[in-house]
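Beneath this line is the structure, given in structure tokens, with notes to follow.
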Amino acid sequence: MRWMQGRWSEERIIDAINNTERYRAVPYGISRVYVGDSEESIKEYWEKYSKIEKYGKRPDIIVFRKTVYEEIKNELSEDPTLMSEDEWYPLIKRSLCAIEAENSLWRASKMPDKDLKLPLPRKSNIIAPNIWVKEEDVERLLSWQRIYRKPIYVVQVFYDLAFAARLTTILEKVRKIKEKEEKLQTLEMRKLGLIISTQKYVDSRSGVTQSKEVYRL
């Protein structure tokens, strides 16, 4: 189910960008668009993909200006996510940015705390739209960003809305929080509108449930 949710959110982002006049989006990271739905086909895809993911973690989507996309589209294979980095490198150098897609099973416009202003209130359970970043993904995404020198945006897709933030903007807030004394970190989180917490996840590759640190903007 998590696989299909991720696929749905990526498709919504790609559709939205491709329906603009000036921009085009292409799948780049782990494909939830082209992979079949059977366990066997997903396993086969993982084996192929793991051999080509070379520079940290590939973001899910690459965005081009439409004029550039028209020039390079014939260089893209049917499944661009299985193209090697050597094939991708000259194309990404002509791109605008990359997108890491996340999804939430909510209607953002219906969330009780959707109109909160900073600083955040003291209440422990704030139900408002969030942009999520898993701590374990950060260094691998930054490794990719250092190689290609293209900004990464995190886009959180809800059923009715989507929100975006630049990865470095999120990480700058994390840095400011963590450099504070532990007793002052909660106050800083409310001030900056970013919550650092622990969340349980089922690993897509192994199926094992793990507790992971997450950043919620």
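Chain identifiers are assigned as A, B, and so on, following the order in which chains appear in the structure tokens; residues are numbered from 1 within each chain, and ligands are numbered from 1 in order of appearance.
Residue neighbourhood of Lys123 in chain A, excluding near-sequence residues (fewer than 5 positions): Asp113, Leu116, Thr186 and Arg190 of chain A, at 12 Å, using only C-alpha atoms.
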Item to complete: Find the residues around range 211-214 of chain A up to 10 Å (only C-alpha atoms counted), leave out those fewer than 6 positions away in its own chain, and share them as a VMD selection string.
Response: chain A and resid 132 to 137 195 to 202
Practice prompt. Quick one: everything within 6 Å of range 21-29 of chain A, counting only C-alpha atoms, minus sequence neighbours fewer than 3 positions away in the same chain. Send it as an MDAnalysis selection string.
Written response: chainID A and resid 14 17:18 58:66 80:81
Next, write the just-selected residues to a file, as a PDB file, in the first residue's frame, keeping C-alpha atoms as the atom set.
ATOM      1  CA  ILE A  14       4.483  14.945 -12.670  1.00  0.00           C
ATOM      2  CA  ILE A  17       4.245  20.107 -13.805  1.00  0.00           C
ATOM      3  CA  ASN A  18       3.592  18.664 -17.253  1.00  0.00           C
ATOM      4  CA  ARG A  58      18.371   9.843  -6.311  1.00  0.00           C
ATOM      5  CA  PRO A  59      15.514  12.334  -5.866  1.00  0.00           C
ATOM      6  CA  ASP A  60      12.245  11.084  -7.327  1.00  0.00           C
ATOM      7  CA  ILE A  61      11.791  13.612 -10.145  1.00  0.00           C
ATOM      8  CA  ILE A  62      13.915  15.903 -12.340  1.00  0.00           C
ATOM      9  CA  VAL A  63      12.402  19.138 -13.687  1.00  0.00           C
ATOM     10  CA  PHE A  64      13.397  20.783 -16.986  1.00  0.00           C
ATOM     11  CA  ARG A  65      12.333  23.860 -18.847  1.00  0.00           C
ATOM     12  CA  LYS A  66      10.058  22.702 -21.658  1.00  0.00           C
ATOM     13  CA  PRO A  80      14.354   6.799 -17.093  1.00  0.00           C
ATOM     14  CA  THR A  81      14.861   5.539 -13.528  1.00  0.00           C
TER      15      THR A  81
END
Discussion item. Using only C-alpha atoms, can you tell me which of A:Leu187, A:Ile170, A:Ile152, A:Leu142 comes closest to Tyr55 in chain A?
Written reply: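 Counting only C-alpha atoms, the residue closest to Tyr55 in chain A is A:Leu142.
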Strand (DSSP E) positions in range 95-164 of chain A, given as a compact mmCIF listing (two decimals) with N, CA and C atoms, in the first residue's frame:
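Everything below was put into states_9.txt:
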# COMPACT_ATOMS: atom_id res chain seq x y z
N CYS A 97 15.88 21.65 -11.36
CA CYS A 97 15.91 21.21 -9.98
C CYS A 97 15.46 19.76 -9.91
N ALA A 98 15.54 19.21 -8.71
CA ALA A 98 15.04 17.86 -8.44
C ALA A 98 13.97 17.94 -7.37
N ILE A 99 13.10 16.92 -7.34
CA ILE A 99 12.01 16.87 -6.36
C ILE A 99 12.03 15.53 -5.64
N GLU A 100 11.94 15.59 -4.32
CA GLU A 100 11.73 14.41 -3.50
C GLU A 100 10.26 14.43 -3.09
N ALA A 101 9.50 13.39 -3.48
CA ALA A 101 8.05 13.37 -3.26
C ALA A 101 7.70 12.63 -1.98
N GLU A 102 6.79 13.20 -1.22
CA GLU A 102 6.24 12.56 -0.03
C GLU A 102 4.71 12.68 -0.11
N ASN A 103 4.02 11.77 0.58
CA ASN A 103 2.56 11.85 0.52
C ASN A 103 1.94 11.72 1.91
N TRP A 132 7.57 16.42 5.30
CA TRP A 132 8.38 15.45 6.04
C TRP A 132 9.71 15.17 5.35
N VAL A 133 10.75 15.06 6.15
CA VAL A 133 12.06 14.60 5.67
C VAL A 133 12.58 13.59 6.67
N LYS A 134 12.97 12.41 6.20
CA LYS A 134 13.55 11.40 7.08
C LYS A 134 15.05 11.69 7.24
N ILE A 152 17.32 20.61 -4.44
CA ILE A 152 16.30 19.59 -4.22
C ILE A 152 15.16 20.23 -3.44
N TYR A 153 13.94 20.04 -3.93
CA TYR A 153 12.74 20.49 -3.22
C TYR A 153 11.97 19.27 -2.73
N VAL A 154 11.48 19.35 -1.51
CA VAL A 154 10.62 18.30 -0.97
C VAL A 154 9.18 18.74 -1.17
N VAL A 155 8.39 17.90 -1.84
CA VAL A 155 6.98 18.22 -2.10
C VAL A 155 6.10 17.21 -1.38
N GLN A 156 5.28 17.68 -0.47
CA GLN A 156 4.35 16.83 0.28
C GLN A 156 2.98 16.92 -0.38
N VAL A 157 2.48 15.79 -0.84
CA VAL A 157 1.22 15.75 -1.58
C VAL A 157 0.09 15.24 -0.68
N ALA A 162 -0.82 20.51 -2.27
CA ALA A 162 0.57 20.08 -2.11
C ALA A 162 1.38 21.26 -1.61
N PHE A 163 2.42 20.96 -0.85
CA PHE A 163 3.29 22.00 -0.29
C PHE A 163 4.73 21.65 -0.61
N ALA A 164 5.55 22.68 -0.84
CA ALA A 164 6.95 22.45 -1.21
C ALA A 164 7.88 23.32 -0.39
Worksheet item: What gap, in Å, lies between CA of Leu217 in chain A and CA of Asn130 in chain A?
Response: 5.4 Å
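With only C-alpha atoms as the atoms that count, the residue of A:Arg7, A:Arg149, A:Lys176, A:Arg216 with the shortest distance to Ile92 in chain A is A:Arg149.
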Practice prompt. Select from range 18-168 of chain A everything DSSP, run on the backbone, classes as alpha helix (DSSP H), then give the selection as a PyMOL selection string.
Written response: chain A and resi 18+39-50+66-72+85-92+135-148+167-168
Fill in: Counting only C-alpha atoms, the option among A:Arg122, A:Lys110, A:Lys57, A:Lys51 closest to Met83 in chain A
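Smallest separation from Met83 in chain A among the options: A:Lys51.
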Worksheet entry | From A:Ser104, A:Glu188, A:Tyr215, A:Arg166, residue lying nearest Gln5 in chain A [only C-alpha atoms] |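 Once distances to Gln5 in chain A are computed over only C-alpha atoms, the minimum belongs to A:Ser104.
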Worksheet item: In Å, with one decimal, what is the gap from CA of Ser9 in chain A to CA of Leu105 in chain A?
Response: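 Between CA of Ser9 in chain A and CA of Leu105 in chain A the gap works out to 10.3 Å.
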Practice prompt. Mind checking which residues fall within 10 Å of Arg146 in chain A, counting only C-alpha atoms, ignoring those fewer than 5 positions away in the same chain, and posting them as a list of chain:residue names?
Written response: A:Tyr55, A:Gly56, A:Arg140, A:Leu141, A:Pro151
